[in-house]
>>> print(open('model-v2.cif').read())   # mmCIF, C-alpha atoms
data_my_file
#
loop_
_atom_site.group_PDB
_atom_site.id
_atom_site.type_symbol
_atom_site.label_atom_id
_atom_site.label_comp_id
_atom_site.auth_asym_id
_atom_site.auth_seq_id
_atom_site.Cartn_x
_atom_site.Cartn_y
_atom_site.Cartn_z
ATOM 1 C CA MET A 74 128.306 139.670 -248.185
ATOM 2 C CA ARG A 75 132.117 139.808 -248.509
ATOM 3 C CA LYS A 76 132.441 138.246 -245.061
ATOM 4 C CA LEU A 77 130.152 135.415 -246.148
ATOM 5 C CA GLN A 78 132.191 134.828 -249.337
ATOM 6 C CA LEU A 79 135.430 134.904 -247.365
ATOM 7 C CA GLY A 80 134.006 132.436 -244.850
ATOM 8 C CA LEU A 81 132.920 130.111 -247.662
ATOM 9 C CA ARG A 82 136.430 130.235 -249.226
ATOM 10 C CA VAL A 83 138.035 129.346 -245.898
ATOM 11 C CA VAL A 84 135.641 126.393 -245.446
ATOM 12 C CA THR A 85 136.263 125.210 -249.047
ATOM 13 C CA ILE A 86 140.063 125.417 -248.665
ATOM 14 C CA ALA A 87 139.891 123.580 -245.335
ATOM 15 C CA PHE A 88 137.689 120.865 -246.893
ATOM 16 C CA VAL A 89 140.006 120.408 -249.913
ATOM 17 C CA THR A 90 143.066 120.233 -247.637
ATOM 18 C CA LEU A 91 141.441 117.682 -245.333
ATOM 19 C CA THR A 92 140.298 115.562 -248.283
ATOM 20 C CA ALA A 93 143.772 115.594 -249.818
ATOM 21 C CA VAL A 94 145.381 114.621 -246.518
ATOM 22 C CA SER A 95 142.887 111.841 -245.777
ATOM 23 C CA CYS A 96 143.247 110.411 -249.322
ATOM 24 C CA LYS A 97 147.014 110.484 -248.931
ATOM 25 C CA ASP A 98 146.703 108.700 -245.565
ATOM 26 C CA ALA A 99 144.384 106.128 -247.050
ATOM 27 C CA LYS A 100 146.783 105.579 -249.957
ATOM 28 C CA THR A 101 149.691 105.255 -247.540
ATOM 29 C CA ASP A 102 147.677 102.864 -245.410
ATOM 30 C CA LYS A 103 146.781 100.846 -248.507
ATOM 31 C CA ASN A 104 150.444 100.709 -249.516
ATOM 32 C CA VAL A 105 151.399 99.579 -246.049
ATOM 33 C CA LYS A 106 148.805 96.802 -246.158
ATOM 34 C CA THR A 107 149.896 95.742 -249.635
ATOM 35 C CA GLU A 108 153.524 95.760 -248.590
ATOM 36 C CA HIS A 109 152.796 93.673 -245.494
ATOM 37 C CA HIS A 110 150.780 91.182 -247.547
ATOM 38 C CA SER A 111 153.519 90.810 -250.150
ATOM 39 C CA ASP A 112 156.138 90.359 -247.430
ATOM 40 C CA MET A 113 154.205 87.469 -245.899
ATOM 41 C CA LYS A 114 155.276 84.042 -247.035
ATOM 42 C CA HIS A 115 152.153 82.051 -247.862
ATOM 43 C CA ASP A 116 152.105 78.314 -247.809
ATOM 44 C CA ASN A 117 149.176 77.514 -250.073
ATOM 45 C CA SER A 118 149.692 73.770 -249.897
ATOM 46 C CA ASP A 119 146.468 73.363 -247.924
ATOM 47 C CA GLY A 120 144.540 75.022 -250.753
ATOM 48 C CA HIS A 121 142.955 77.693 -248.522
ATOM 49 C CA HIS A 122 143.177 80.266 -251.325
ATOM 50 C CA ASN A 123 141.692 77.969 -253.959
ATOM 51 C CA ASP A 124 138.353 78.939 -255.469
ATOM 52 C CA ASN A 125 137.038 75.413 -255.588
ATOM 53 C CA LYS A 126 136.608 74.904 -251.860
ATOM 54 C CA LYS A 127 133.938 72.219 -252.311
ATOM 55 C CA GLU A 128 136.349 70.014 -254.231
ATOM 56 C CA MET A 129 138.962 70.565 -251.522
ATOM 57 C CA THR A 130 136.564 69.402 -248.794
ATOM 58 C CA MET A 131 135.634 66.303 -250.722
ATOM 59 C CA THR A 132 139.270 65.221 -250.836
ATOM 60 C CA GLU A 133 139.861 65.667 -247.098
ATOM 61 C CA ASN A 134 140.347 62.378 -245.235
ATOM 62 C CA SER A 135 140.875 60.847 -248.660
ATOM 63 C CA THR A 136 141.393 57.304 -247.362
ATOM 64 C CA SER A 137 138.123 57.254 -245.415
ATOM 65 C CA GLN A 138 136.301 58.856 -248.366
ATOM 66 C CA ALA A 139 137.681 56.137 -250.689
ATOM 67 C CA VAL A 140 136.456 53.454 -248.284
ATOM 68 C CA LEU A 141 132.993 55.058 -248.090
ATOM 69 C CA LYS A 142 132.801 55.377 -251.873
ATOM 70 C CA ASP A 143 133.504 51.656 -252.303
ATOM 71 C CA TYR A 144 131.093 50.804 -249.482
ATOM 72 C CA PHE A 145 128.285 52.782 -251.186
ATOM 73 C CA SER A 146 128.968 50.993 -254.497
ATOM 74 C CA LEU A 147 128.746 47.650 -252.704
ATOM 75 C CA LYS A 148 125.500 48.721 -251.025
ATOM 76 C CA ASP A 149 124.030 49.646 -254.438
ATOM 77 C CA ALA A 150 124.962 46.208 -255.843
ATOM 78 C CA LEU A 151 123.080 44.538 -252.974
ATOM 79 C CA VAL A 152 120.100 46.841 -253.552
ATOM 80 C CA ALA A 153 120.139 45.634 -257.180
ATOM 81 C CA ASP A 154 120.357 41.956 -256.064
ATOM 82 C CA ASP A 155 123.564 41.664 -258.089
ATOM 83 C CA ASN A 156 125.606 38.883 -256.477
ATOM 84 C CA GLU A 157 128.519 38.966 -258.954
ATOM 85 C CA LYS A 158 128.914 42.747 -258.830
ATOM 86 C CA ALA A 159 128.779 42.642 -255.025
ATOM 87 C CA LYS A 160 131.550 40.013 -255.064
ATOM 88 C CA ASN A 161 133.790 42.271 -257.182
ATOM 89 C CA LEU A 162 133.002 45.333 -255.076
ATOM 90 C CA GLY A 163 133.650 43.392 -251.856
ATOM 91 C CA GLY A 164 137.162 42.752 -253.170
ATOM 92 C CA THR A 165 137.565 46.422 -254.136
ATOM 93 C CA LEU A 166 136.447 47.547 -250.686
ATOM 94 C CA ALA A 167 138.854 45.098 -249.010
ATOM 95 C CA LYS A 168 141.735 46.733 -250.944
ATOM 96 C CA SER A 169 140.611 50.245 -249.931
ATOM 97 C CA LEU A 170 140.412 49.161 -246.309
ATOM 98 C CA LYS A 171 143.911 47.647 -246.414
ATOM 99 C CA ALA A 172 145.219 50.942 -247.841
ATOM 100 C CA PHE A 173 143.555 52.932 -245.047
ATOM 101 C CA ASP A 174 146.042 55.264 -243.335
ATOM 102 C CA THR A 175 145.442 55.308 -239.580
ATOM 103 C CA SER A 176 148.627 57.304 -238.842
ATOM 104 C CA LYS A 177 146.746 60.638 -238.884
ATOM 105 C CA HIS A 178 145.055 59.555 -235.667
ATOM 106 C CA SER A 179 146.801 58.961 -232.392
ATOM 107 C CA GLY A 180 146.536 56.892 -229.237
ATOM 108 C CA ASP A 181 143.281 55.103 -228.515
ATOM 109 C CA LYS A 182 141.613 56.347 -231.707
ATOM 110 C CA GLN A 183 144.354 54.880 -233.877
ATOM 111 C CA SER A 184 144.119 51.547 -232.044
ATOM 112 C CA GLU A 185 140.325 51.537 -232.322
ATOM 113 C CA LEU A 186 140.488 52.399 -236.027
ATOM 114 C CA LYS A 187 142.919 49.554 -236.693
ATOM 115 C CA ASP A 188 140.480 47.110 -235.058
ATOM 116 C CA ILE A 189 137.561 48.495 -237.075
ATOM 117 C CA ILE A 190 139.520 48.330 -240.352
ATOM 118 C CA GLU A 191 140.696 44.796 -239.639
ATOM 119 C CA ASP A 192 137.159 43.603 -238.904
ATOM 120 C CA ALA A 193 135.657 45.444 -241.899
ATOM 121 C CA THR A 194 138.326 43.980 -244.208
ATOM 122 C CA GLU A 195 137.434 40.465 -243.078
ATOM 123 C CA HIS A 196 133.731 41.042 -243.846
ATOM 124 C CA ALA A 197 134.496 42.660 -247.223
ATOM 125 C CA GLU A 198 136.617 39.642 -248.144
ATOM 126 C CA HIS A 199 133.781 37.260 -247.158
ATOM 127 C CA ILE A 200 131.416 39.298 -249.345
ATOM 128 C CA SER A 201 133.832 38.863 -252.267
ATOM 129 C CA GLU A 202 133.373 35.068 -252.183
ATOM 130 C CA SER A 203 129.793 34.465 -250.957
ATOM 131 C CA ASP A 204 126.251 33.992 -252.232
ATOM 132 C CA ILE A 205 123.970 37.010 -251.862
ATOM 133 C CA ALA A 206 122.231 35.878 -248.633
ATOM 134 C CA HIS A 207 125.615 35.416 -246.967
ATOM 135 C CA GLN A 208 126.855 38.726 -248.430
ATOM 136 C CA ARG A 209 123.989 40.487 -246.718
ATOM 137 C CA GLU A 210 124.824 38.900 -243.368
ATOM 138 C CA HIS A 211 128.380 40.220 -243.620
ATOM 139 C CA PHE A 212 127.133 43.585 -244.914
ATOM 140 C CA LYS A 213 125.185 44.089 -241.673
ATOM 141 C CA VAL A 214 128.366 43.838 -239.552
ATOM 142 C CA LEU A 215 130.395 45.745 -242.167
ATOM 143 C CA SER A 216 127.871 48.601 -241.957
ATOM 144 C CA LYS A 217 128.359 48.795 -238.194
ATOM 145 C CA ASP A 218 132.124 49.035 -238.807
ATOM 146 C CA MET A 219 131.511 51.906 -241.267
ATOM 147 C CA VAL A 220 129.396 53.765 -238.691
ATOM 148 C CA ASP A 221 132.178 53.312 -236.110
ATOM 149 C CA MET A 222 134.828 54.446 -238.612
ATOM 150 C CA VAL A 223 132.899 57.617 -239.510
ATOM 151 C CA ALA A 224 132.446 58.399 -235.789
ATOM 152 C CA ILE A 225 136.248 58.673 -235.567
ATOM 153 C CA THR A 226 137.276 60.044 -238.985
ATOM 154 C CA GLY A 227 134.275 62.238 -239.706
ATOM 155 C CA THR A 228 133.097 62.816 -243.259
ATOM 156 C CA SER A 229 132.893 65.833 -245.545
ATOM 157 C CA MET A 230 129.663 64.606 -247.155
ATOM 158 C CA LYS A 231 126.190 64.319 -245.666
ATOM 159 C CA ILE A 232 125.254 60.673 -245.167
ATOM 160 C CA TYR A 233 122.218 58.946 -243.725
ATOM 161 C CA GLU A 234 122.122 56.050 -241.309
ATOM 162 C CA GLN A 235 119.105 53.948 -242.311
ATOM 163 C CA PHE A 236 117.484 50.957 -240.657
ATOM 164 C CA CYS A 237 115.335 47.998 -241.716
ATOM 165 C CA PRO A 238 113.492 46.484 -238.718
ATOM 166 C CA MET A 239 112.530 43.261 -240.545
ATOM 167 C CA TYR A 240 115.971 41.991 -241.556
ATOM 168 C CA ASP A 241 117.606 39.076 -239.691
ATOM 169 C CA ASN A 242 114.382 37.626 -238.226
ATOM 170 C CA ASN A 243 113.162 41.052 -237.109
ATOM 171 C CA LYS A 244 116.430 41.855 -235.296
ATOM 172 C CA GLY A 245 116.939 44.565 -237.892
ATOM 173 C CA GLY A 246 119.918 45.828 -239.824
ATOM 174 C CA ALA A 247 121.358 49.301 -240.390
ATOM 175 C CA TRP A 248 123.328 50.714 -243.315
ATOM 176 C CA LEU A 249 124.733 54.028 -244.563
ATOM 177 C CA SER A 250 123.552 55.839 -247.668
ATOM 178 C CA MET A 251 124.346 59.086 -249.491
ATOM 179 C CA ASN A 252 120.636 59.470 -250.313
ATOM 180 C CA LYS A 253 117.714 60.057 -247.984
ATOM 181 C CA GLU A 254 115.459 57.829 -250.098
ATOM 182 C CA ILE A 255 115.272 54.263 -248.756
ATOM 183 C CA LYS A 256 116.688 51.571 -251.027
ATOM 184 C CA ASN A 257 117.066 48.448 -248.934
ATOM 185 C CA PRO A 258 120.284 46.435 -249.458
ATOM 186 C CA TYR A 259 119.047 43.554 -247.257
ATOM 187 C CA PHE A 260 115.951 42.683 -249.286
ATOM 188 C CA GLY A 261 116.609 44.363 -252.648
ATOM 189 C CA ALA A 262 113.632 44.253 -255.023
ATOM 190 C CA LYS A 263 111.686 42.037 -252.604
ATOM 191 C CA MET A 264 111.187 44.922 -250.129
ATOM 192 C CA LEU A 265 113.051 47.859 -251.650
ATOM 193 C CA LYS A 266 111.377 50.578 -249.570
ATOM 194 C CA CYS A 267 111.429 48.781 -246.213
ATOM 195 C CA GLY A 268 113.259 50.956 -243.695
ATOM 196 C CA LYS A 269 113.624 54.452 -242.274
ATOM 197 C CA VAL A 270 116.251 57.135 -241.747
ATOM 198 C CA GLN A 271 117.608 56.857 -238.193
ATOM 199 C CA ARG A 272 119.813 59.942 -238.324
ATOM 200 C CA GLU A 273 121.799 62.302 -240.533
ATOM 201 C CA ILE A 274 125.569 62.332 -240.156
ATOM 202 C CA ASN A 275 127.380 65.631 -240.846
#
>>> encode(input="model-v2.cif", output="structure tokens")
Amino acid sequence: MRKLQLGLRVVTIAFVTLTAVSCKDAKTDKNVKTEHHSDMKHDNSDGHHNDNKKEMTMTENSTSQAVLKDYFSLKDALVADDNEKAKNLGGTLAKSLKAFDTSKHSGDKQSELKDIIEDATEHAEHISESDIAHQREHFKVLSKDMVDMVAITGTSMKIYEQFCPMYDNNKGGAWLSMNKEIKNPYFGAKMLKCGKVQREIN
């Protein structure tokens, strides 16, 4: 019995000693980690420690996002058959396009983007001074420019490329939308639901 008690005491002492040592090691290790972390110089300018990561992603590629935002507003005006609003928004989009910063891209991509922006600006300006039928003609080419722009810049939001097969004497016309639901900018109220989703981008 005494041997058993003695054995139990030895085991208990050994366990307490080991626990104390391992806790001390863990504490030391924790201190080391904390010290290393505090010694590191963090540049938080990219916002990678911010809680609101969604907001951060929405502001990436801010110039292309501004262009898309104005494009979507213009598209909605055409959906609503609102010629005057589309004129104003064509002018707004032209300004956003002129402010587009292509310097973040290099080489061929920068050159290609400049061509796309130049062409899109011309169509946006035409939209700002045309009747609604003519606005829609320019919107078709402008939409192709937007698709080409997004192929280079990417986008942080999910967008849908949609297509109406009946526009332009059944040649068809595509456009971009933030919503999956079809709202046709080429026919407006006349054929609001005419079209289909061709693909999702992002």
>>> resolve_selection(input="model-v2.cif", expression="the PyMOL selection byres ((chain A and resi 227) around 10)", output="JSON, numbers by chain")
{"A": [133, 134, 137, 138, 220, 221, 222, 223, 224, 225, 226, 228, 229, 230, 274, 275]}
>>> resolve_selection(input="model-v2.cif", expression="the PyMOL selection byres ((chain A and resi 141) around 12)", output="MDAnalysis selection string")
chainID A and resid 131 134:140 142:148 162 165:167 169:170 173 193 215:216 218:220 222:223 226:232 248:251
>>> closest_residue(input="model-v2.cif", among="A:Asn257, A:Asp181, A:Ala159, A:Val270", to="A:His211", atoms="only C-alpha atoms")
A:Ala159
>>> residues_near_point(input="model-v2.cif", point="(119.9, 48.2, -254.7)", cutoff="7 Å", atoms="only C-alpha atoms", output="ChimeraX atom specification")
/A:148-154,256-258,261
>>> axis_aligned_box(input="model-v2.cif", around="stretch 146-155 of chain A", padding_each_side="4 Å", output="JSON")
{"center_x": 124.5, "center_y": 46.3, "center_z": -254.6, "size_x": 16.9, "size_y": 17.3, "size_z": 15.1}
>>> closest_residue(input="model-v2.cif", among="A:Arg272, A:Lys266, A:Lys253, A:Lys171", to="A:Asp192", atoms="all atoms listed in the file")
A:Lys171
>>> closest_residue(input="model-v2.cif", among="A:Cys237, A:Ala172, A:Ala206, A:Ala262", to="A:Glu191", atoms="only C-alpha atoms")
A:Ala172
>>> closest_residue(input="model-v2.cif", among="A:Gln183, A:Ser176, A:Thr194, A:Gln235", to="A:Asn252", atoms="all atoms listed in the file")
A:Gln235
>>> closest_residue(input="model-v2.cif", among="A:Ile190, A:Phe236, A:Gly180, A:Asn161", to="A:Gln271", atoms="all atoms listed in the file")
A:Phe236
